[in-house]
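Enquirer: PDB, C-alpha atoms, file entry-v8.pdb:
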```pdb
MODEL        1
ATOM      1  CA  MET W  26      87.569 -66.333 -38.654
ATOM      2  CA  ALA W  27      89.084 -67.682 -35.455
ATOM      3  CA  VAL W  28      87.378 -70.571 -33.703
ATOM      4  CA  PRO W  29      86.068 -69.389 -30.320
ATOM      5  CA  THR W  30      87.440 -70.712 -27.064
ATOM      6  CA  ILE W  31      84.790 -72.879 -25.412
ATOM      7  CA  ALA W  32      84.965 -73.256 -21.642
ATOM      8  CA  PRO W  33      82.715 -73.499 -18.567
ATOM      9  CA  GLY W  34      82.009 -70.146 -16.960
ATOM     10  CA  GLN W  35      82.823 -68.410 -20.222
ATOM     11  CA  THR W  36      80.735 -70.004 -22.965
ATOM     12  CA  LYS W  37      76.952 -69.671 -22.983
ATOM     13  CA  ILE W  38      75.268 -72.770 -24.340
ATOM     14  CA  GLY W  39      71.826 -73.173 -25.835
ATOM     15  CA  TRP W  40      69.914 -76.452 -25.872
ATOM     16  CA  VAL W  41      66.919 -77.477 -27.985
ATOM     17  CA  GLY W  42      65.163 -80.761 -27.211
ATOM     18  CA  THR W  43      64.936 -82.133 -23.675
ATOM     19  CA  GLY W  44      63.517 -85.598 -24.221
ATOM     20  CA  VAL W  45      64.696 -89.048 -23.115
ATOM     21  CA  MET W  46      68.357 -88.141 -23.661
ATOM     22  CA  GLY W  47      68.542 -84.376 -24.108
ATOM     23  CA  ALA W  48      67.643 -83.392 -20.558
ATOM     24  CA  SER W  49      70.441 -85.506 -19.091
ATOM     25  CA  MET W  50      72.981 -84.321 -21.653
ATOM     26  CA  CYS W  51      72.248 -80.653 -21.082
ATOM     27  CA  GLY W  52      72.180 -81.255 -17.337
ATOM     28  CA  HIS W  53      75.759 -82.556 -17.437
ATOM     29  CA  LEU W  54      76.898 -79.373 -19.200
ATOM     30  CA  ILE W  55      75.218 -77.234 -16.550
ATOM     31  CA  ASP W  56      76.834 -79.342 -13.827
ATOM     32  CA  LYS W  57      80.220 -78.626 -15.426
ATOM     33  CA  GLY W  58      79.637 -74.888 -15.122
ATOM     34  CA  PHE W  59      78.135 -73.884 -18.463
ATOM     35  CA  SER W  60      75.234 -71.426 -18.310
ATOM     36  CA  ALA W  61      72.342 -72.604 -20.462
ATOM     37  CA  THR W  62      69.275 -71.337 -22.274
ATOM     38  CA  VAL W  63      66.806 -74.049 -23.276
ATOM     39  CA  TYR W  64      63.794 -74.598 -25.493
ATOM     40  CA  THR W  65      61.609 -77.630 -26.047
ATOM     41  CA  ARG W  66      58.058 -77.995 -27.358
ATOM     42  CA  SER W  67      56.710 -79.030 -23.946
ATOM     43  CA  ARG W  68      58.110 -76.685 -21.330
ATOM     44  CA  GLU W  69      57.443 -79.126 -18.501
ATOM     45  CA  LYS W  70      60.027 -81.487 -20.032
ATOM     46  CA  ALA W  71      62.651 -78.819 -19.399
ATOM     47  CA  GLN W  72      61.705 -78.302 -15.747
ATOM     48  CA  SER W  73      64.646 -80.283 -14.368
ATOM     49  CA  LEU W  74      67.011 -77.978 -16.275
ATOM     50  CA  LEU W  75      65.158 -74.841 -15.232
ATOM     51  CA  ASP W  76      65.517 -76.066 -11.647
ATOM     52  CA  LYS W  77      69.293 -76.252 -12.246
ATOM     53  CA  GLY W  78      69.323 -72.599 -13.255
ATOM     54  CA  ALA W  79      68.803 -72.758 -17.006
ATOM     55  CA  ALA W  80      66.939 -69.893 -18.651
ATOM     56  CA  TRP W  81      63.922 -70.473 -20.880
ATOM     57  CA  ALA W  82      63.512 -69.200 -24.446
ATOM     58  CA  ASP W  83      60.420 -69.405 -26.640
ATOM     59  CA  SER W  84      62.072 -70.644 -29.852
ATOM     60  CA  PRO W  85      65.353 -72.036 -31.207
ATOM     61  CA  LYS W  86      66.022 -68.571 -32.651
ATOM     62  CA  ALA W  87      65.635 -67.024 -29.203
ATOM     63  CA  VAL W  88      67.940 -69.701 -27.760
ATOM     64  CA  ALA W  89      70.635 -68.817 -30.296
ATOM     65  CA  GLU W  90      70.319 -65.105 -29.594
ATOM     66  CA  GLN W  91      71.343 -65.808 -25.994
ATOM     67  CA  SER W  92      74.023 -68.409 -26.712
ATOM     68  CA  ASP W  93      77.493 -69.029 -28.152
ATOM     69  CA  VAL W  94      77.099 -72.761 -28.835
ATOM     70  CA  ILE W  95      73.666 -74.154 -29.682
ATOM     71  CA  PHE W  96      72.988 -77.885 -29.300
ATOM     72  CA  ALA W  97      69.902 -79.752 -30.462
ATOM     73  CA  ILE W  98      68.706 -83.322 -30.142
ATOM     74  CA  VAL W  99      65.223 -83.710 -31.587
ATOM     75  CA  GLY W 100      63.240 -86.407 -33.376
ATOM     76  CA  PHE W 101      63.203 -86.458 -37.159
ATOM     77  CA  PRO W 102      65.046 -84.760 -40.046
ATOM     78  CA  ALA W 103      62.068 -82.425 -40.536
ATOM     79  CA  ASP W 104      62.481 -81.327 -36.912
ATOM     80  CA  VAL W 105      66.217 -80.791 -37.448
ATOM     81  CA  ARG W 106      65.532 -78.644 -40.507
ATOM     82  CA  GLU W 107      63.007 -76.528 -38.613
ATOM     83  CA  VAL W 108      65.212 -76.167 -35.521
ATOM     84  CA  PHE W 109      68.290 -75.054 -37.461
ATOM     85  CA  LEU W 110      67.116 -73.623 -40.772
ATOM     86  CA  GLY W 111      63.530 -72.534 -40.096
ATOM     87  CA  GLU W 112      62.315 -68.941 -39.821
ATOM     88  CA  ASP W 113      62.521 -69.249 -36.029
ATOM     89  CA  GLY W 114      65.499 -71.601 -36.179
ATOM     90  CA  ALA W 115      68.857 -71.389 -34.486
ATOM     91  CA  LEU W 116      70.738 -70.136 -37.545
ATOM     92  CA  ALA W 117      68.357 -67.193 -37.852
ATOM     93  CA  GLY W 118      69.270 -66.151 -34.298
ATOM     94  CA  SER W 119      73.003 -66.815 -34.584
ATOM     95  CA  LYS W 120      75.752 -64.252 -34.859
ATOM     96  CA  GLU W 121      79.121 -64.665 -36.540
ATOM     97  CA  GLY W 122      81.304 -67.126 -34.645
ATOM     98  CA  ASN W 123      78.456 -69.095 -33.095
ATOM     99  CA  VAL W 124      78.612 -72.890 -33.239
ATOM    100  CA  LEU W 125      75.636 -75.119 -34.121
ATOM    101  CA  VAL W 126      75.780 -78.733 -32.934
ATOM    102  CA  ASP W 127      73.169 -81.237 -34.097
ATOM    103  CA  MET W 128      73.186 -84.359 -31.915
ATOM    104  CA  THR W 129      70.060 -85.832 -33.510
ATOM    105  CA  THR W 130      70.433 -88.909 -35.680
ATOM    106  CA  SER W 131      69.560 -87.399 -39.040
ATOM    107  CA  GLU W 132      70.359 -87.392 -42.750
ATOM    108  CA  PRO W 133      74.016 -86.917 -43.753
ATOM    109  CA  SER W 134      72.918 -84.698 -46.645
ATOM    110  CA  LEU W 135      71.028 -82.431 -44.237
ATOM    111  CA  ALA W 136      74.132 -82.112 -42.065
ATOM    112  CA  VAL W 137      76.038 -80.895 -45.135
ATOM    113  CA  GLU W 138      73.229 -78.476 -46.015
ATOM    114  CA  ILE W 139      73.216 -76.994 -42.510
ATOM    115  CA  ALA W 140      77.003 -76.643 -42.571
ATOM    116  CA  GLU W 141      76.908 -74.804 -45.894
ATOM    117  CA  ALA W 142      74.115 -72.471 -44.758
ATOM    118  CA  ALA W 143      75.951 -71.780 -41.511
ATOM    119  CA  ARG W 144      79.249 -71.096 -43.274
ATOM    120  CA  ALA W 145      77.563 -68.485 -45.475
ATOM    121  CA  LYS W 146      76.649 -66.592 -42.305
ATOM    122  CA  GLY W 147      80.016 -66.976 -40.596
ATOM    123  CA  VAL W 148      78.670 -69.651 -38.243
ATOM    124  CA  TYR W 149      80.252 -73.041 -37.546
ATOM    125  CA  SER W 150      78.268 -76.295 -37.718
ATOM    126  CA  VAL W 151      78.975 -79.795 -36.417
ATOM    127  CA  ASP W 152      76.951 -83.021 -36.687
ATOM    128  CA  ALA W 153      77.431 -85.189 -33.611
ATOM    129  CA  PRO W 154      74.908 -88.015 -33.246
ATOM    130  CA  VAL W 155      75.287 -90.244 -30.214
ATOM    131  CA  SER W 156      74.853 -93.846 -29.137
ATOM    132  CA  GLY W 157      74.186 -95.195 -25.660
ATOM    133  CA  GLY W 158      70.510 -94.453 -25.099
ATOM    134  CA  ASP W 159      69.043 -93.108 -21.892
ATOM    135  CA  VAL W 160      71.565 -95.012 -19.760
ATOM    136  CA  GLY W 161      74.523 -93.544 -21.603
ATOM    137  CA  ALA W 162      73.002 -90.071 -21.440
ATOM    138  CA  LYS W 163      72.353 -90.295 -17.695
ATOM    139  CA  ASN W 164      75.839 -91.637 -16.979
ATOM    140  CA  ALA W 165      77.649 -89.192 -19.308
ATOM    141  CA  ALA W 166      78.974 -92.264 -21.108
ATOM    142  CA  LEU W 167      77.734 -91.707 -24.649
ATOM    143  CA  SER W 168      79.636 -92.539 -27.811
ATOM    144  CA  ILE W 169      79.752 -89.322 -29.836
ATOM    145  CA  MET W 170      80.359 -89.538 -33.607
ATOM    146  CA  ILE W 171      81.385 -86.191 -35.009
ATOM    147  CA  GLY W 172      81.469 -84.586 -38.437
ATOM    148  CA  GLY W 173      82.818 -81.096 -39.051
ATOM    149  CA  GLU W 174      85.954 -78.978 -39.142
ATOM    150  CA  LYS W 175      88.633 -80.404 -36.863
ATOM    151  CA  ASP W 176      89.502 -77.141 -35.102
ATOM    152  CA  VAL W 177      85.854 -76.568 -34.214
ATOM    153  CA  VAL W 178      85.451 -80.164 -33.030
ATOM    154  CA  ASP W 179      88.569 -79.801 -30.887
ATOM    155  CA  ALA W 180      87.336 -76.523 -29.383
ATOM    156  CA  LEU W 181      84.168 -78.318 -28.267
ATOM    157  CA  GLN W 182      86.136 -80.907 -26.269
ATOM    158  CA  PRO W 183      84.977 -79.608 -22.832
ATOM    159  CA  CYS W 184      81.397 -80.177 -23.973
ATOM    160  CA  TRP W 185      82.040 -83.629 -25.434
ATOM    161  CA  GLU W 186      83.783 -84.723 -22.227
ATOM    162  CA  ALA W 187      80.805 -83.615 -20.132
ATOM    163  CA  MET W 188      78.465 -85.901 -22.086
ATOM    164  CA  GLY W 189      80.438 -88.839 -23.412
ATOM    165  CA  LYS W 190      83.226 -91.361 -22.992
ATOM    166  CA  THR W 191      83.995 -92.295 -26.595
ATOM    167  CA  ILE W 192      84.553 -89.134 -28.622
ATOM    168  CA  VAL W 193      85.725 -89.577 -32.215
ATOM    169  CA  HIS W 194      86.017 -87.042 -35.032
ATOM    170  CA  GLN W 195      85.000 -88.985 -38.133
ATOM    171  CA  GLY W 196      85.618 -86.407 -40.854
ATOM    172  CA  PRO W 197      83.886 -83.459 -42.571
ATOM    173  CA  ALA W 198      80.234 -82.443 -42.316
ATOM    174  CA  GLY W 199      77.961 -85.480 -42.595
ATOM    175  CA  ALA W 200      80.609 -87.987 -41.490
ATOM    176  CA  GLY W 201      79.156 -88.175 -37.994
ATOM    177  CA  GLN W 202      75.733 -89.043 -39.400
ATOM    178  CA  HIS W 203      77.176 -91.677 -41.748
ATOM    179  CA  THR W 204      78.958 -93.266 -38.771
ATOM    180  CA  LYS W 205      75.685 -93.338 -36.842
ATOM    181  CA  MET W 206      74.117 -95.216 -39.765
ATOM    182  CA  VAL W 207      76.845 -97.853 -39.343
ATOM    183  CA  ASN W 208      75.958 -97.977 -35.637
ATOM    184  CA  GLN W 209      72.227 -98.364 -36.285
ATOM    185  CA  THR W 210      72.780-101.079 -38.879
ATOM    186  CA  LEU W 211      74.780-103.045 -36.323
ATOM    187  CA  ILE W 212      72.121-102.605 -33.634
ATOM    188  CA  ALA W 213      69.179-103.463 -35.897
ATOM    189  CA  THR W 214      70.235-106.997 -36.732
ATOM    190  CA  MET W 215      71.839-107.538 -33.326
ATOM    191  CA  MET W 216      68.505-106.815 -31.638
ATOM    192  CA  ILE W 217      66.847-109.566 -33.652
ATOM    193  CA  GLY W 218      69.438-112.005 -32.342
ATOM    194  CA  VAL W 219      69.040-110.878 -28.729
ATOM    195  CA  CYS W 220      65.259-111.237 -28.816
ATOM    196  CA  GLU W 221      65.257-114.585 -30.621
ATOM    197  CA  ALA W 222      67.903-116.001 -28.287
ATOM    198  CA  LEU W 223      66.008-115.036 -25.130
ATOM    199  CA  LEU W 224      62.775-116.326 -26.633
ATOM    200  CA  TYR W 225      64.500-119.653 -27.357
ATOM    201  CA  GLY W 226      65.844-119.803 -23.816
ATOM    202  CA  TYR W 227      62.400-119.174 -22.373
ATOM    203  CA  LYS W 228      60.710-121.866 -24.478
ATOM    204  CA  ALA W 229      63.477-124.311 -23.559
ATOM    205  CA  GLY W 230      62.569-123.811 -19.908
ATOM    206  CA  LEU W 231      65.811-122.112 -18.916
ATOM    207  CA  ASP W 232      66.186-119.462 -16.244
ATOM    208  CA  LEU W 233      67.026-116.430 -18.343
ATOM    209  CA  PRO W 234      69.104-114.469 -15.785
ATOM    210  CA  THR W 235      71.220-117.594 -15.308
ATOM    211  CA  VAL W 236      71.580-117.983 -19.077
ATOM    212  CA  LEU W 237      72.754-114.364 -19.300
ATOM    213  CA  LYS W 238      75.574-115.100 -16.845
ATOM    214  CA  SER W 239      76.984-117.652 -19.291
ATOM    215  CA  VAL W 240      76.459-115.973 -22.638
ATOM    216  CA  GLY W 241      76.750-112.294 -21.710
ATOM    217  CA  SER W 242      80.499-112.374 -21.106
ATOM    218  CA  GLY W 243      81.474-114.581 -24.043
ATOM    219  CA  ALA W 244      81.683-114.126 -27.799
ATOM    220  CA  ALA W 245      77.909-113.619 -27.956
ATOM    221  CA  GLY W 246      77.961-110.725 -25.500
ATOM    222  CA  SER W 247      76.850-107.253 -26.538
ATOM    223  CA  TRP W 248      75.686-103.957 -25.072
ATOM    224  CA  SER W 249      72.137-104.750 -26.182
ATOM    225  CA  LEU W 250      72.156-108.148 -24.486
ATOM    226  CA  SER W 251      73.657-106.885 -21.223
ATOM    227  CA  ASN W 252      71.613-103.702 -20.935
ATOM    228  CA  LEU W 253      68.324-104.450 -22.694
ATOM    229  CA  GLY W 254      68.137-108.190 -22.053
ATOM    230  CA  PRO W 255      67.378-107.667 -18.331
ATOM    231  CA  ARG W 256      64.724-105.087 -19.228
ATOM    232  CA  MET W 257      63.022-107.620 -21.486
ATOM    233  CA  MET W 258      63.110-110.191 -18.691
ATOM    234  CA  ASP W 259      61.536-107.653 -16.327
ATOM    235  CA  ASN W 260      58.833-106.682 -18.870
ATOM    236  CA  ASN W 261      60.203-103.148 -18.794
ATOM    237  CA  PHE W 262      59.787-101.734 -22.287
ATOM    238  CA  ASP W 263      60.110 -98.073 -21.362
ATOM    239  CA  PRO W 264      62.069 -96.194 -24.007
ATOM    240  CA  GLY W 265      65.774 -95.640 -23.848
ATOM    241  CA  PHE W 266      65.317 -94.967 -27.540
ATOM    242  CA  PHE W 267      61.930 -94.929 -29.276
ATOM    243  CA  VAL W 268      60.951 -97.586 -31.814
ATOM    244  CA  GLU W 269      59.574 -94.874 -34.101
ATOM    245  CA  HIS W 270      62.907 -93.062 -34.086
ATOM    246  CA  PHE W 271      64.753 -96.301 -34.803
ATOM    247  CA  ILE W 272      62.498 -96.903 -37.819
ATOM    248  CA  LYS W 273      63.413 -93.404 -38.999
ATOM    249  CA  ASP W 274      67.116 -94.242 -38.648
ATOM    250  CA  MET W 275      66.817 -97.506 -40.565
ATOM    251  CA  GLY W 276      64.962 -95.682 -43.333
ATOM    252  CA  ILE W 277      67.812 -93.168 -43.611
ATOM    253  CA  ALA W 278      70.427 -95.941 -43.676
ATOM    254  CA  LEU W 279      68.552 -97.914 -46.337
ATOM    255  CA  ALA W 280      68.109 -94.793 -48.491
ATOM    256  CA  GLU W 281      71.823 -93.990 -48.213
ATOM    257  CA  ALA W 282      72.690 -97.606 -49.011
ATOM    258  CA  LYS W 283      70.498 -97.499 -52.126
ATOM    259  CA  GLN W 284      72.301 -94.378 -53.328
ATOM    260  CA  MET W 285      75.617 -96.185 -52.862
ATOM    261  CA  GLY W 286      74.400 -99.284 -54.703
ATOM    262  CA  LEU W 287      74.472-101.461 -51.590
ATOM    263  CA  SER W 288      72.152-104.353 -50.803
ATOM    264  CA  LEU W 289      71.551-104.661 -47.039
ATOM    265  CA  PRO W 290      68.965-107.454 -46.664
ATOM    266  CA  GLY W 291      69.502-107.866 -42.916
ATOM    267  CA  LEU W 292      68.750-104.207 -42.290
ATOM    268  CA  ALA W 293      65.720-104.372 -44.591
ATOM    269  CA  LEU W 294      64.373-107.331 -42.603
ATOM    270  CA  ALA W 295      64.920-105.504 -39.329
ATOM    271  CA  GLU W 296      63.016-102.492 -40.665
ATOM    272  CA  GLN W 297      60.067-104.677 -41.612
ATOM    273  CA  LEU W 298      60.011-106.322 -38.181
ATOM    274  CA  TYR W 299      60.119-102.951 -36.454
ATOM    275  CA  LEU W 300      57.311-101.655 -38.665
ATOM    276  CA  SER W 301      55.238-104.537 -37.270
ATOM    277  CA  VAL W 302      56.156-103.423 -33.732
ATOM    278  CA  GLN W 303      54.934 -99.921 -34.547
ATOM    279  CA  ALA W 304      51.751-101.262 -36.203
ATOM    280  CA  LYS W 305      50.902-103.070 -32.971
ATOM    281  CA  GLY W 306      50.991 -99.773 -31.073
ATOM    282  CA  TRP W 307      54.454-100.011 -29.541
ATOM    283  CA  GLY W 308      56.122 -97.212 -31.494
ATOM    284  CA  ARG W 309      56.711 -95.138 -28.362
ATOM    285  CA  ASN W 310      58.263 -98.061 -26.497
ATOM    286  CA  GLY W 311      61.974 -98.816 -26.431
ATOM    287  CA  THR W 312      63.679-100.638 -29.291
ATOM    288  CA  HIS W 313      63.733-103.820 -27.209
ATOM    289  CA  ALA W 314      59.919-103.979 -27.665
ATOM    290  CA  LEU W 315      60.840-106.031 -30.722
ATOM    291  CA  MET W 316      60.629-108.937 -28.269
ATOM    292  CA  LEU W 317      56.861-108.445 -27.954
ATOM    293  CA  ALA W 318      56.299-108.760 -31.698
ATOM    294  CA  LEU W 319      58.618-111.742 -32.158
ATOM    295  CA  ALA W 320      57.078-113.552 -29.190
ATOM    296  CA  GLU W 321      53.602-112.972 -30.570
ATOM    297  CA  MET W 322      54.648-114.578 -33.874
ATOM    298  CA  SER W 323      55.366-117.780 -31.931
ATOM    299  CA  GLY W 324      52.202-117.607 -29.862
ATOM    300  CA  VAL W 325      54.027-116.522 -26.707
ATOM    301  CA  ASP W 326      52.429-113.902 -24.455
ATOM    302  CA  TRP W 327      55.720-112.478 -23.242
ATOM    303  CA  MET W 328      54.247-110.035 -20.753
ATOM    304  CA  ASN W 329      52.247-112.772 -18.996
ATOM    305  CA  ARG W 330      54.711-115.657 -19.220
ATOM    306  CA  LYS W 331      55.268-117.764 -16.121
TER     307      LYS W 331
ENDMDL
END
```
Let me see the file written as structure tokens.
Expert:
Amino acid sequence: MAVPTIAPGQTKIGWVGTGVMGASMCGHLIDKGFSATVYTRSREKAQSLLDKGAAWADSPKAVAEQSDVIFAIVGFPADVREVFLGEDGALAGSKEGNVLVDMTTSEPSLAVEIAEAARAKGVYSVDAPVSGGDVGAKNAALSIMIGGEKDVVDALQPCWEAMGKTIVHQGPAGAGQHTKMVNQTLIATMMIGVCEALLYGYKAGLDLPTVLKSVGSGAAGSWSLSNLGPRMMDNNFDPGFFVEHFIKDMGIALAEAKQMGLSLPGLALAEQLYLSVQAKGWGRNGTHALMLALAEMSGVDWMNRK
């Protein structure tokens, strides 16, 4: 079965999930000339795409029936399973030669399962989780980590280029998700360091924006420090990526690590700290809300500091 040619003005895309990142990502594809059919659980969240000319469908199955390539970025593995493999899922509405692309951070084993189910129907499947948060999605600057057959991944290049800047094929089905687990493990412990460092600077009486000028460009610099540090200073804990989704990711990574016989104590600590963030009611805030929990441990009211 030949891999289809994928190009603006020719390929009809479907999109499921128009949340913090999905709406921007799909919007970039529309801006590049792809016609789109969309579905999300709350139709009002898709309004910006409908205003761009996207068509609405009432289920992932209905999206697939109108599309050649079907993308999804949803919340949890259970959502991924329903969106792709459910009775009203995208695979049920797909025809031979369609391409399914899961951009959710999900379980590597589920990516393999979807690929096998798709192959049995003559449908291609790719797992392509992303990193970069809401800023990366808005700026079409995401890092896209891809698992799947190389010729299919290559055919999707016009789509990848519309959404991201760092586009790397990691290997067969599931490899994209495993790479995202590496990414999340790095971020989890790094975020502890960012929050603790800024908390130290505050208690030492330093001006935090001035501190950032010194440390942000040196060996201690990171994306999290440069992009989320200023948000913490401004008491802006709106989500670029939800705490509850990050907890899900860490759980997946720890489960995979256990299967491989790995001990990852730093990641386990980060998970426990983030569970405390969620327990305090901040699960729908951004991952940098870890600052609020760590500050509280030291008796600092971060939101009302002077």
Enquirer: Quick one: pull the distance between CA of Asn260 (chain W) and CA of Met328 (chain W), Å, one decimal.
Expert: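 The value is 6.0 Å.
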Enquirer: Would you compute the box with edges along x, y and z of the file around region 107-121 of chain W, including every atom the file lists for it and 8 Å extra on each side, and give its centre and edge lengths in Å to one decimal, as lines of an AutoDock Vina configuration file?
Expert:
```
center_x = 70.7
center_y = -70.4
center_z = -37.5
size_x = 32.8
size_y = 28.3
size_z = 22.5
```
Enquirer: Check which residues satisfy the PyMOL selection byres ((chain W and resi 100) around 10) in the file shown, then give them as a PyMOL selection string.
Expert: chain W and resi 42+44+97-99+101-105+129-131+267+269-270+273
Enquirer: List as an NGL selection string the protein and nucleic acid residues near Pro234 (chain W), meaning an atom at most 10 Å away when all atoms listed in the file are counted, but skip any in the same chain fewer than 6 places from it.
Expert: :W and (223 or 241 or 254-255 or 258)
Enquirer: Could you tell me which residues the PyMOL selection byres ((chain W and resi 317-326) around 12) returns for this structure, as a PyMOL selection string?
Expert: chain W and resi 216-225+227-228+257-258+260-262+295+297-308+310-316+327-331
Enquirer: Apply the PyMOL selection byres ((chain W and resi 208-211) around 8) to the displayed file and report the matching residues as a list in words.
Expert: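 Against this file, the PyMOL selection byres ((chain W and resi 208-211) around 8) returns the residues Ser156, Thr204, Lys205, Met206, Val207, Ile212, Ala213, Thr214, Met215, Phe271, Asp274, Met275, Ala278 and Leu292 of chain W.
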Enquirer: Please list, as a ChimeraX atom specification, the residues that have an atom at most 6 Å away from (67.4, -70.5, -21.5) in the coordinates of this file, counting all atoms listed in the file.
Expert: /W:61-63,79-82
Enquirer: Write the residues of the preceding selection, restricted to C-alpha atoms, as a PDB file, in the frame of the given file.
Expert:
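Listing of part36.pdb after writing:
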```pdb
ATOM      1  CA  ALA W  61      72.342 -72.604 -20.462  1.00  0.00           C
ATOM      2  CA  THR W  62      69.275 -71.337 -22.274  1.00  0.00           C
ATOM      3  CA  VAL W  63      66.806 -74.049 -23.276  1.00  0.00           C
ATOM      4  CA  ALA W  79      68.803 -72.758 -17.006  1.00  0.00           C
ATOM      5  CA  ALA W  80      66.939 -69.893 -18.651  1.00  0.00           C
ATOM      6  CA  TRP W  81      63.922 -70.473 -20.880  1.00  0.00           C
ATOM      7  CA  ALA W  82      63.512 -69.200 -24.446  1.00  0.00           C
TER       8      ALA W  82
END
```
Enquirer: From the list W:Ala136, W:His53, W:Ala142, W:Ile169, which residue is nearest Ile192 (chain W) when using all atoms listed in the file?
Expert: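 For Ile192 (chain W), the nearest of the candidates is W:Ile169.
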Enquirer: Near Gly39 (chain W), within 8 Å and counting all atoms listed in the file, which residues show up once chain neighbours fewer than 3 positions away are dropped, as a list in words?
Expert: Ala61, Thr62, Val63, Val88, Ala89, Gln91, Ser92, Asp93, Val94, Ile95 and Phe96 of chain W
Enquirer: Which one of W:Ser168, W:Ile55, W:Thr65, W:Ala145 sits closest to Lys77 (chain W) if you count all atoms listed in the file?
Expert: W:Ile55
Enquirer: Write out as a list of chain:residue names the residues lying within 8 Å of region 106-111 of chain W, counting only C-alpha atoms and excluding same-chain residues fewer than 5 positions away.
Expert: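 Selected residues are W:Val41, W:Pro85, W:Ala97, W:Leu116, W:Ala117, W:Leu135, W:Ile139.
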Enquirer: Find the distance between CA of Lys70 (chain W) and CA of Met50 (chain W) and write it in Å to one decimal.
Expert: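 One can read the CA of Lys70 (chain W) to CA of Met50 (chain W) distance as 13.4 Å.
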